[in-house]
Amino acid sequence: MASVRAAGTLIRSAASRYPHFSVNGRRNFSASSALLARTYVNYELKDDVAVIKINDPSGRVNTLTKMMESEMMEVLYEVWGNGAVKSAVVISTKPGSFIAGADLNMIKACKSAEEVSGLSRDGQKMFEKIENSPIPIVAAINGPCLGGGLEFAIACQYRVATKSKKTVLACPEVLLGLLPGAGGTQRLPKMLGLPAALDMVLTGRSIRPDKAKKMGLIHHVVDQLGPGLNDPEASTMKYLEEVAVGVAKDLAKKKISLEKKKGLMQKLQDSVLGLSFVRKQIYNTVQKKVMKQTKGLYPAPLKIIECVQTGIEKGSAEGYKVESEHFGKLAMSSESNALIGLYQGQVACKKNNFGKPEKDVKKLAILGAGLMGAGIAQVSVDKGISTILKDTVTEGVVRGYNQVYKGMNDKVKKKSMTSFERDTNMSFLSGQIDYSGFQNADIVIEAVFEDLSIKHKVLKEVEAVISPHCIFASNTSALPIKDIAAASKRPDKVIGMHYFSPVDKMQLLEIITTDKTSKDTTATAVALGLKQGKLIIVVGDGPGFYTTRCLGPTLSEAVRVLQEGVTPKKLDSLTTSFGFPVGLTALIDEVGVDVAAHVAEDLGKAFGPRFGGGNPELLKTMVQKGFKGRKTGKGWYIYASKKKEKQLNSGAEEVLKAFKLTAPPAVSGDEDVQYRLTSRFVNEAVLCLQEGILADPIQGDIGAVFGLGFPPCLGGPFRFVDSFGADKLVQKMKRYEDVYGIQFTPCQLLLDYAKDPSKKFHK
Amino acid sequence: LKKTLSLITTCLVLLTAKSKKTLAKPGVKNVVLVEGVRTPFLQSGTTYADLMPHDLARAALQGLLHRTGFPKEAVDYIVYGTVIQEVKTSNVAREAALGAGFSDRTPAHTVTMACISSNQAMTTAVGLIAAGQCDAVVAGGVEFMSDVPIRHSRKMRKTMLSLNKAKTLGARLSLLGSIRLAHLSPELPAVAEFSTAETMGHSADRLAAAFGVSRQEQDEFALRSHTLAKKAQDEGLLSDIVGFKVPGKDIVSKDNGIRPSTMEQMAKLKPAFVKPHGTVTAANSSYLTDGASAVLIMSEEKALAMGYKPKAYLRDFVYVSQDPKDQLLLGPTYATPKVLERSGLTLADIDVFEFHEAFAGQILANLKAMESDWFAQNCMGRKAKVGAPPLDKFNMWGGSLSLGHPFAATGCRLVTTVAHRLKKEGGQYGLVAACAAGGQGHAMVIEAYPQ
């Protein structure tokens, strides 16, 4: 930054020496050829408005890099030095991207908290200069305006944004375990008021342009254009620029006032918030809420509250100082490291690494209109994929059809979809009980009952009616795909597509390939999953694949823990306080006790004593008594009443009594219980990598977090081993192994990593 | 020498005129426009304010009968257009025909296709005649914006309908008790697309921006429309108007929305839809209008047999539709090349253009779209642009911006105006084009009837 400032002074003096220093003049101004060769930021003059254009040629989106920042300051000093320029517009020339945030690599490259704090201070200073600009600067926003991009925009005097679907404003730093470190925690409360600002920085939620205007985050919205003399995107950008230039001129002429007119409610709110004890109450309430939601496992939200509070109560100077210090500390935290790892993993799992499929999926057929089948249908028809939803009975079809309709109608109620879009989407759905139209299907996904003979039956029925190119995908959660493919005439076209329930909410899709599955089959399945908006991991075949397999020993251990006298409620609180979003017994109820029993039995047979621990008969007894979980109204808990507090199922307690075992005191403390559950999960995940079920640790982490709810603050099983230490984990496991035996024996790969502390799953 | 030269010129003119072929097709009946009339178009809420839609329609129909002296019983069929329906007269064609003294043995039906409703009525008539079903059909359209159906809220309607079925006093009282203040807020109709919920003016503003049409261009075009309309009115060219004796009021015989202003005055207006930077204003948009129109369409042989001199041939026509969001008002751009191809004509063959002016920005966007190779190639799947109509042949007697735009009555006005202009200007071919809500459009080729 220092060099930038030096360059800035240089330019300013140059400008004063050459009073007619304009864009046209600059072209022939060979004396400072370095200035001409700007890569990221350039500008041109439209009358007395400097239109500053940003574009990072190296990326798909613009990010705030050191280079971009320094060029931006160069340009700004040049503009400020030019007396003929009365106002400025900052706009991106990259289609659909304003500034998607600061460059994460810039932060990751830092070695110490102090170094990161330095970055933050540089950003703060740069934006302070922009805030104090002698001429009004208008940020013209089209596409994501996130993180550092948003902090840049709010430092400008005025903001104009397009109504494009791509335009969102947000401070997503908290989702990466960070905080808005370039003045965001200081400027937003002044701009939006304390409650709205806290909400924005603490949730990281995306704000659409219309809402942003209502909140006072932006001043002016511009509609998207259709095709005209150019394509819609280009026309819209040109329109945005024209409107922004007009606004900039009006600002310079003071035709538009920067003073906000405050409504009565706003004035009332301001006066209430003027009372320090009211503010104190707000900080306390928010802090309590954060503690309740995060269980104290995520440091960033608390630091954010502290920054906001310091800025308001002790003034900006102190606020900026605390902001940059905390930013540095957070960037070095393991939580942030984990969350950034997950973010990068998500980006990686949104790509198709198997090439472009030979044929796009235009028509999809789903067998079984149950919860899963209908869920898959919903995420397909709302992307415009023509979908057949087939069941064996009309009642099933009707139920599935209603589920899809309800799923979309809820979106209409929330205004994220129009009723017209809902109707159009529904027109892509065909509910039926026969195989008509299957001859046109490009892919058939079966979501029928988990029974190999039924799967074989439908596979044969389907293969009799589909065309040769059509793929057969199974949504099984545990049956090996090669066993299903055994009945197929064309095993190269058979693949596993394991969706997670509820399909419209769960992001993950686990795709399972056998050694016979063709590359194009995989490419097509991945392409379909991506179109459905899924995060995709592609794993090898085997009982339980990756996700269900990791869940197996964990559930077995959970049953063991319950048998040893830990109550379901206690187990849930132990797991949630470790970072699992849903407690393990609650999870079993959601998945279905029968499903869990089924999986435990199948996997227990396949993997033997390693999957032992809990007594498999316990879950079976639950099922026999009708305690199948939420779907039957009773599982570990009772779901009939709408009471807030979940009631324990006394019937389940009796079952537990019948299977009661004594807890070995040496390994039954709260922490030991947590690590018994987690270590078995992690060991199985590492074993999957060792056996080649997983191609890499990234997919392993994404699958565990987004499919099974592994604690995001730990970043997934592999990130956890890296940060916790393989040796420490092995030590713990050996201790449990002494008590319980083989189910806690660490796998070879984990032992290898324990031996060599330099070995890390993530670089 | 001078005489010889002028003779040669005359011959040349005759020759070129002759060289233009007629568009008659073998085996297809010639369909002709015998007469076209309309009531004066009035801004809504003015002199017609207390009427009902079928009253206006009656006036047009009676005017047609009066002007042609056509025997009522010789009318085989009546087709009438309307957009905003008065629920009491949902088949307004029938109510108006009966009220206008047509034979009760003449069937009548109502059509709706937004701003091209009366075009649809006319082409329905053309179809009936070409198919040999009818020989004389009256077509037309009416729009009455001084009164529109304003409904109770859905919740309130539901309660009121249940009230009819409630048997006991208790049940009625409990239903009445369920009414909340919010249920009393009415539902107002809006000129908005159902599919996109966008008002038409908003879409027009975005369309103008997409084609780079400036506020100044729009104001200039609106001023042109008003100036030309005023001139036509002053010169008595708007002869399709039939006077209307409004009950209890004066005879209305002139359109009342023609108001040539100045650029300065128009520049003062604020944008009406896209705020604050939009370009579509009240001054460069068509306004809410009351009015009705009617035409008599016949097979040529029947018209001649009955002793009528037709005004023009109604030739090829097309309907088009496209994206109702971003191309809502581009109907003319899509319809024009299509109808020209169907007729075997080029743009240069057309002597008279009458396009419906919904908004100045919409007309100018259409003209720019027709001049754009990019648009032709990327949106219309054509090799090259069709070209835009030359302005000196375009809407020379004003248009919807100045004369007014009663949605379902405008189509007949366009067709009759083409016939009158062809006669007055001595042209042979005319082209009508219009856009309509729903992202639809229409165009028709009209051929002058030999003098």
# chains A, B, ... in the order shown; residues from 1 in each chain; ligands from 1
$ interface_residues --of "chain A" --to "chain B" --cutoff "8 Å" --atoms "only C-alpha atoms" --output "count of residues only"
14
$ residues_around --residues "A:Lys763" --least-positions-apart "2" --cutoff "12 Å" --atoms "only C-alpha atoms" --output "PDB file with N, CA, C and O atoms, in the first residue's frame"
ATOM      1  N   LYS A 108      -4.660 -15.975   2.689  1.00  0.00           N
ATOM      2  CA  LYS A 108      -4.032 -17.264   3.005  1.00  0.00           C
ATOM      3  C   LYS A 108      -2.501 -17.196   2.924  1.00  0.00           C
ATOM      4  O   LYS A 108      -1.807 -17.960   3.568  1.00  0.00           O
ATOM      5  N   ASN A 337     -10.123 -21.418   8.886  1.00  0.00           N
ATOM      6  CA  ASN A 337      -9.413 -22.297   7.971  1.00  0.00           C
ATOM      7  C   ASN A 337     -10.353 -23.402   7.473  1.00  0.00           C
ATOM      8  O   ASN A 337     -10.396 -23.711   6.287  1.00  0.00           O
ATOM      9  N   GLY A 341     -11.849 -23.735   3.737  1.00  0.00           N
ATOM     10  CA  GLY A 341     -11.630 -25.008   3.057  1.00  0.00           C
ATOM     11  C   GLY A 341     -12.929 -25.549   2.472  1.00  0.00           C
ATOM     12  O   GLY A 341     -12.970 -26.017   1.334  1.00  0.00           O
ATOM     13  N   PRO A 697      -9.389 -36.041  -0.393  1.00  0.00           N
ATOM     14  CA  PRO A 697      -9.954 -35.597   0.894  1.00  0.00           C
ATOM     15  C   PRO A 697     -10.980 -34.472   0.733  1.00  0.00           C
ATOM     16  O   PRO A 697     -11.874 -34.342   1.570  1.00  0.00           O
ATOM     17  N   ILE A 698     -10.873 -33.678  -0.330  1.00  0.00           N
ATOM     18  CA  ILE A 698     -11.812 -32.560  -0.501  1.00  0.00           C
ATOM     19  C   ILE A 698     -13.232 -33.098  -0.603  1.00  0.00           C
ATOM     20  O   ILE A 698     -14.133 -32.652   0.096  1.00  0.00           O
ATOM     21  N   PHE A 718     -11.334 -34.898   7.260  1.00  0.00           N
ATOM     22  CA  PHE A 718      -9.912 -34.812   6.890  1.00  0.00           C
ATOM     23  C   PHE A 718      -9.282 -33.525   7.428  1.00  0.00           C
ATOM     24  O   PHE A 718      -8.173 -33.529   7.934  1.00  0.00           O
ATOM     25  N   ARG A 719     -10.044 -32.421   7.284  1.00  0.00           N
ATOM     26  CA  ARG A 719      -9.568 -31.153   7.836  1.00  0.00           C
ATOM     27  C   ARG A 719      -9.408 -31.289   9.355  1.00  0.00           C
ATOM     28  O   ARG A 719      -8.470 -30.766   9.938  1.00  0.00           O
ATOM     29  N   ASP A 722      -6.219 -33.024  10.194  1.00  0.00           N
ATOM     30  CA  ASP A 722      -5.118 -32.079   9.998  1.00  0.00           C
ATOM     31  C   ASP A 722      -4.972 -31.140  11.192  1.00  0.00           C
ATOM     32  O   ASP A 722      -3.871 -30.880  11.668  1.00  0.00           O
ATOM     33  N   SER A 723      -6.121 -30.583  11.646  1.00  0.00           N
ATOM     34  CA  SER A 723      -6.003 -29.555  12.678  1.00  0.00           C
ATOM     35  C   SER A 723      -5.890 -30.174  14.082  1.00  0.00           C
ATOM     36  O   SER A 723      -5.170 -29.676  14.926  1.00  0.00           O
ATOM     37  N   SER A 758       4.250 -34.228   9.529  1.00  0.00           N
ATOM     38  CA  SER A 758       4.298 -33.299   8.383  1.00  0.00           C
ATOM     39  C   SER A 758       3.255 -33.670   7.329  1.00  0.00           C
ATOM     40  O   SER A 758       2.962 -32.896   6.428  1.00  0.00           O
ATOM     41  N   LYS A 759       2.711 -34.899   7.463  1.00  0.00           N
ATOM     42  CA  LYS A 759       1.713 -35.322   6.473  1.00  0.00           C
ATOM     43  C   LYS A 759       0.371 -34.669   6.765  1.00  0.00           C
ATOM     44  O   LYS A 759      -0.141 -34.774   7.888  1.00  0.00           O
ATOM     45  N   LYS A 760      -0.170 -34.013   5.789  1.00  0.00           N
ATOM     46  CA  LYS A 760      -1.474 -33.364   5.962  1.00  0.00           C
ATOM     47  C   LYS A 760      -2.365 -33.737   4.778  1.00  0.00           C
ATOM     48  O   LYS A 760      -1.887 -33.851   3.649  1.00  0.00           O
ATOM     49  N   PHE A 761      -3.641 -33.924   5.048  1.00  0.00           N
ATOM     50  CA  PHE A 761      -4.567 -34.230   3.956  1.00  0.00           C
ATOM     51  C   PHE A 761      -4.773 -33.020   3.053  1.00  0.00           C
ATOM     52  O   PHE A 761      -4.940 -33.145   1.863  1.00  0.00           O
TER      53      PHE A 761
END
$ atom_distance --atom1 "atom CA of A:Gly375" --atom2 "atom CA of A:Ser477"
15.1 Å
$ residues_around --residues "stretch 444-450 of chain B" --least-positions-apart "5" --cutoff "7 Å" --atoms "only C-alpha atoms" --output "list of chain:residue names"
B:Pro310, B:Lys311, B:Ala312, B:Tyr313, B:Leu314, B:Arg315, B:Asp316, B:Phe317, B:Val318, B:Val339, B:Ala419, B:Leu422, B:Lys423, B:Gln428, B:Tyr429, B:Gly430, B:Leu431, B:Val432, B:Ala433
$ select_by_dssp --residues "stretch 57-158 of chain B" --states "alpha helix (DSSP H)" --output "ChimeraX atom specification"
/B:57-68,92-99,117-130,154-158
$ write_last_selection --atoms "C-alpha atoms" --output "PDB file, in the first residue's frame"
ATOM      1  CA  ALA B  57     -70.627  -0.070 -29.787  1.00  0.00           C
ATOM      2  CA  ARG B  58     -74.207   0.652 -30.783  1.00  0.00           C
ATOM      3  CA  ALA B  59     -73.218   4.101 -31.935  1.00  0.00           C
ATOM      4  CA  ALA B  60     -70.521   2.703 -34.203  1.00  0.00           C
ATOM      5  CA  LEU B  61     -72.768  -0.022 -35.583  1.00  0.00           C
ATOM      6  CA  GLN B  62     -75.638   2.370 -36.237  1.00  0.00           C
ATOM      7  CA  GLY B  63     -73.211   4.804 -37.834  1.00  0.00           C
ATOM      8  CA  LEU B  64     -72.056   2.060 -40.177  1.00  0.00           C
ATOM      9  CA  LEU B  65     -75.594   1.183 -41.172  1.00  0.00           C
ATOM     10  CA  HIS B  66     -76.454   4.800 -41.585  1.00  0.00           C
ATOM     11  CA  ARG B  67     -73.458   5.615 -43.731  1.00  0.00           C
ATOM     12  CA  THR B  68     -73.780   2.558 -45.987  1.00  0.00           C
ATOM     13  CA  VAL B  92     -71.043  -7.248 -26.064  1.00  0.00           C
ATOM     14  CA  ALA B  93     -71.322  -8.017 -29.791  1.00  0.00           C
ATOM     15  CA  ARG B  94     -74.792  -9.465 -29.340  1.00  0.00           C
ATOM     16  CA  GLU B  95     -76.070  -6.802 -26.918  1.00  0.00           C
ATOM     17  CA  ALA B  96     -74.822  -3.978 -29.116  1.00  0.00           C
ATOM     18  CA  ALA B  97     -76.207  -5.530 -32.304  1.00  0.00           C
ATOM     19  CA  LEU B  98     -79.625  -5.984 -30.754  1.00  0.00           C
ATOM     20  CA  GLY B  99     -79.533  -2.461 -29.370  1.00  0.00           C
ATOM     21  CA  SER B 117     -59.003  -7.525 -30.745  1.00  0.00           C
ATOM     22  CA  SER B 118     -60.737  -5.766 -33.623  1.00  0.00           C
ATOM     23  CA  ASN B 119     -58.038  -6.996 -35.992  1.00  0.00           C
ATOM     24  CA  GLN B 120     -59.008 -10.439 -34.816  1.00  0.00           C
ATOM     25  CA  ALA B 121     -62.676  -9.541 -35.403  1.00  0.00           C
ATOM     26  CA  MET B 122     -61.901  -8.415 -38.972  1.00  0.00           C
ATOM     27  CA  THR B 123     -59.748 -11.425 -39.847  1.00  0.00           C
ATOM     28  CA  THR B 124     -62.438 -13.701 -38.413  1.00  0.00           C
ATOM     29  CA  ALA B 125     -64.824 -12.014 -40.847  1.00  0.00           C
ATOM     30  CA  VAL B 126     -62.329 -12.466 -43.685  1.00  0.00           C
ATOM     31  CA  GLY B 127     -62.088 -16.145 -42.827  1.00  0.00           C
ATOM     32  CA  LEU B 128     -65.876 -16.594 -42.754  1.00  0.00           C
ATOM     33  CA  ILE B 129     -66.179 -15.013 -46.163  1.00  0.00           C
ATOM     34  CA  ALA B 130     -63.189 -16.803 -47.706  1.00  0.00           C
ATOM     35  CA  ARG B 154     -61.088 -12.799  -3.257  1.00  0.00           C
ATOM     36  CA  LYS B 155     -61.709 -13.383   0.453  1.00  0.00           C
ATOM     37  CA  MET B 156     -64.704 -11.066   0.419  1.00  0.00           C
ATOM     38  CA  ARG B 157     -66.112 -12.708  -2.707  1.00  0.00           C
ATOM     39  CA  LYS B 158     -65.749 -16.083  -1.097  1.00  0.00           C
TER      40      LYS B 158
END
$ select_by_dssp --residues "stretch 155-337 of chain A" --states "strand (DSSP E)" --output "PDB file with all heavy atoms, in the first residue's frame"
ATOM      1  N   TYR A 158     -22.497   6.917  -3.462  1.00  0.00           N
ATOM      2  CA  TYR A 158     -23.807   6.582  -4.005  1.00  0.00           C
ATOM      3  C   TYR A 158     -23.729   5.216  -4.658  1.00  0.00           C
ATOM      4  O   TYR A 158     -22.688   4.843  -5.192  1.00  0.00           O
ATOM      5  CB  TYR A 158     -24.192   7.633  -5.058  1.00  0.00           C
ATOM      6  CG  TYR A 158     -25.671   7.873  -5.198  1.00  0.00           C
ATOM      7  CD1 TYR A 158     -26.340   8.697  -4.310  1.00  0.00           C
ATOM      8  CD2 TYR A 158     -26.383   7.301  -6.242  1.00  0.00           C
ATOM      9  CE1 TYR A 158     -27.702   8.940  -4.448  1.00  0.00           C
ATOM     10  CE2 TYR A 158     -27.748   7.533  -6.393  1.00  0.00           C
ATOM     11  CZ  TYR A 158     -28.398   8.362  -5.488  1.00  0.00           C
ATOM     12  OH  TYR A 158     -29.748   8.608  -5.616  1.00  0.00           O
ATOM     13  N   ARG A 159     -24.829   4.464  -4.603  1.00  0.00           N
ATOM     14  CA  ARG A 159     -24.835   3.133  -5.183  1.00  0.00           C
ATOM     15  C   ARG A 159     -26.054   2.922  -6.076  1.00  0.00           C
ATOM     16  O   ARG A 159     -27.189   3.197  -5.664  1.00  0.00           O
ATOM     17  CB  ARG A 159     -24.837   2.078  -4.074  1.00  0.00           C
ATOM     18  CG  ARG A 159     -23.487   1.926  -3.390  1.00  0.00           C
ATOM     19  CD  ARG A 159     -23.573   1.252  -2.059  1.00  0.00           C
ATOM     20  NE  ARG A 159     -24.286   2.050  -1.078  1.00  0.00           N
ATOM     21  CZ  ARG A 159     -23.787   3.140  -0.491  1.00  0.00           C
ATOM     22  NH1 ARG A 159     -22.553   3.554  -0.785  1.00  0.00           N
ATOM     23  NH2 ARG A 159     -24.503   3.836   0.375  1.00  0.00           N
ATOM     24  N   VAL A 160     -25.783   2.486  -7.298  1.00  0.00           N
ATOM     25  CA  VAL A 160     -26.835   2.144  -8.256  1.00  0.00           C
ATOM     26  C   VAL A 160     -26.639   0.667  -8.575  1.00  0.00           C
ATOM     27  O   VAL A 160     -25.520   0.234  -8.794  1.00  0.00           O
ATOM     28  CB  VAL A 160     -26.685   2.964  -9.558  1.00  0.00           C
ATOM     29  CG1 VAL A 160     -27.797   2.621 -10.533  1.00  0.00           C
ATOM     30  CG2 VAL A 160     -26.669   4.446  -9.259  1.00  0.00           C
ATOM     31  N   ALA A 161     -27.727  -0.119  -8.571  1.00  0.00           N
ATOM     32  CA  ALA A 161     -27.561  -1.548  -8.853  1.00  0.00           C
ATOM     33  C   ALA A 161     -28.625  -2.030  -9.821  1.00  0.00           C
ATOM     34  O   ALA A 161     -29.741  -1.512  -9.839  1.00  0.00           O
ATOM     35  CB  ALA A 161     -27.630  -2.359  -7.562  1.00  0.00           C
ATOM     36  N   THR A 162     -28.280  -3.016 -10.619  1.00  0.00           N
ATOM     37  CA  THR A 162     -29.268  -3.606 -11.530  1.00  0.00           C
ATOM     38  C   THR A 162     -30.125  -4.602 -10.762  1.00  0.00           C
ATOM     39  O   THR A 162     -29.724  -5.120  -9.729  1.00  0.00           O
ATOM     40  CB  THR A 162     -28.607  -4.370 -12.687  1.00  0.00           C
ATOM     41  OG1 THR A 162     -27.925  -5.503 -12.149  1.00  0.00           O
ATOM     42  CG2 THR A 162     -27.657  -3.493 -13.446  1.00  0.00           C
ATOM     43  N   LEU A 169     -26.148  -8.414  -2.735  1.00  0.00           N
ATOM     44  CA  LEU A 169     -25.224  -7.722  -1.855  1.00  0.00           C
ATOM     45  C   LEU A 169     -25.172  -8.489  -0.544  1.00  0.00           C
ATOM     46  O   LEU A 169     -26.210  -8.902  -0.032  1.00  0.00           O
ATOM     47  CB  LEU A 169     -25.686  -6.278  -1.618  1.00  0.00           C
ATOM     48  CG  LEU A 169     -25.756  -5.428  -2.888  1.00  0.00           C
ATOM     49  CD1 LEU A 169     -27.172  -5.351  -3.411  1.00  0.00           C
ATOM     50  CD2 LEU A 169     -25.200  -4.046  -2.644  1.00  0.00           C
ATOM     51  N   ALA A 170     -23.973  -8.707  -0.036  1.00  0.00           N
ATOM     52  CA  ALA A 170     -23.860  -9.461   1.209  1.00  0.00           C
ATOM     53  C   ALA A 170     -22.481  -9.286   1.820  1.00  0.00           C
ATOM     54  O   ALA A 170     -21.529  -8.912   1.142  1.00  0.00           O
ATOM     55  CB  ALA A 170     -24.125 -10.948   0.964  1.00  0.00           C
ATOM     56  N   HIS A 220     -30.531   3.368  -5.701  1.00  0.00           N
ATOM     57  CA  HIS A 220     -31.187   3.477  -6.993  1.00  0.00           C
ATOM     58  C   HIS A 220     -31.110   2.115  -7.683  1.00  0.00           C
ATOM     59  O   HIS A 220     -30.060   1.487  -7.674  1.00  0.00           O
ATOM     60  CB  HIS A 220     -30.370   4.516  -7.791  1.00  0.00           C
ATOM     61  CG  HIS A 220     -31.033   5.035  -9.015  1.00  0.00           C
ATOM     62  ND1 HIS A 220     -31.150   6.378  -9.255  1.00  0.00           N
ATOM     63  CD2 HIS A 220     -31.587   4.423 -10.071  1.00  0.00           C
ATOM     64  CE1 HIS A 220     -31.767   6.548 -10.418  1.00  0.00           C
ATOM     65  NE2 HIS A 220     -32.034   5.385 -10.927  1.00  0.00           N
ATOM     66  N   VAL A 221     -32.219   1.630  -8.205  1.00  0.00           N
ATOM     67  CA  VAL A 221     -32.161   0.364  -8.938  1.00  0.00           C
ATOM     68  C   VAL A 221     -32.441   0.583 -10.425  1.00  0.00           C
ATOM     69  O   VAL A 221     -33.167   1.504 -10.801  1.00  0.00           O
ATOM     70  CB  VAL A 221     -33.159  -0.698  -8.395  1.00  0.00           C
ATOM     71  CG1 VAL A 221     -32.711  -1.251  -7.071  1.00  0.00           C
ATOM     72  CG2 VAL A 221     -34.550  -0.119  -8.317  1.00  0.00           C
ATOM     73  N   VAL A 222     -31.838  -0.264 -11.227  1.00  0.00           N
ATOM     74  CA  VAL A 222     -31.974  -0.184 -12.679  1.00  0.00           C
ATOM     75  C   VAL A 222     -32.483  -1.537 -13.174  1.00  0.00           C
ATOM     76  O   VAL A 222     -31.968  -2.584 -12.765  1.00  0.00           O
ATOM     77  CB  VAL A 222     -30.601   0.124 -13.326  1.00  0.00           C
ATOM     78  CG1 VAL A 222     -30.685   0.076 -14.840  1.00  0.00           C
ATOM     79  CG2 VAL A 222     -30.094   1.476 -12.862  1.00  0.00           C
TER      80      VAL A 222
END
$ residues_around --residues "B:Val28" --least-positions-apart "3" --cutoff "9 Å" --atoms "only C-alpha atoms" --output "list in words"
Ala24, Lys25, Val31, Ala130 and Ala131 of chain B
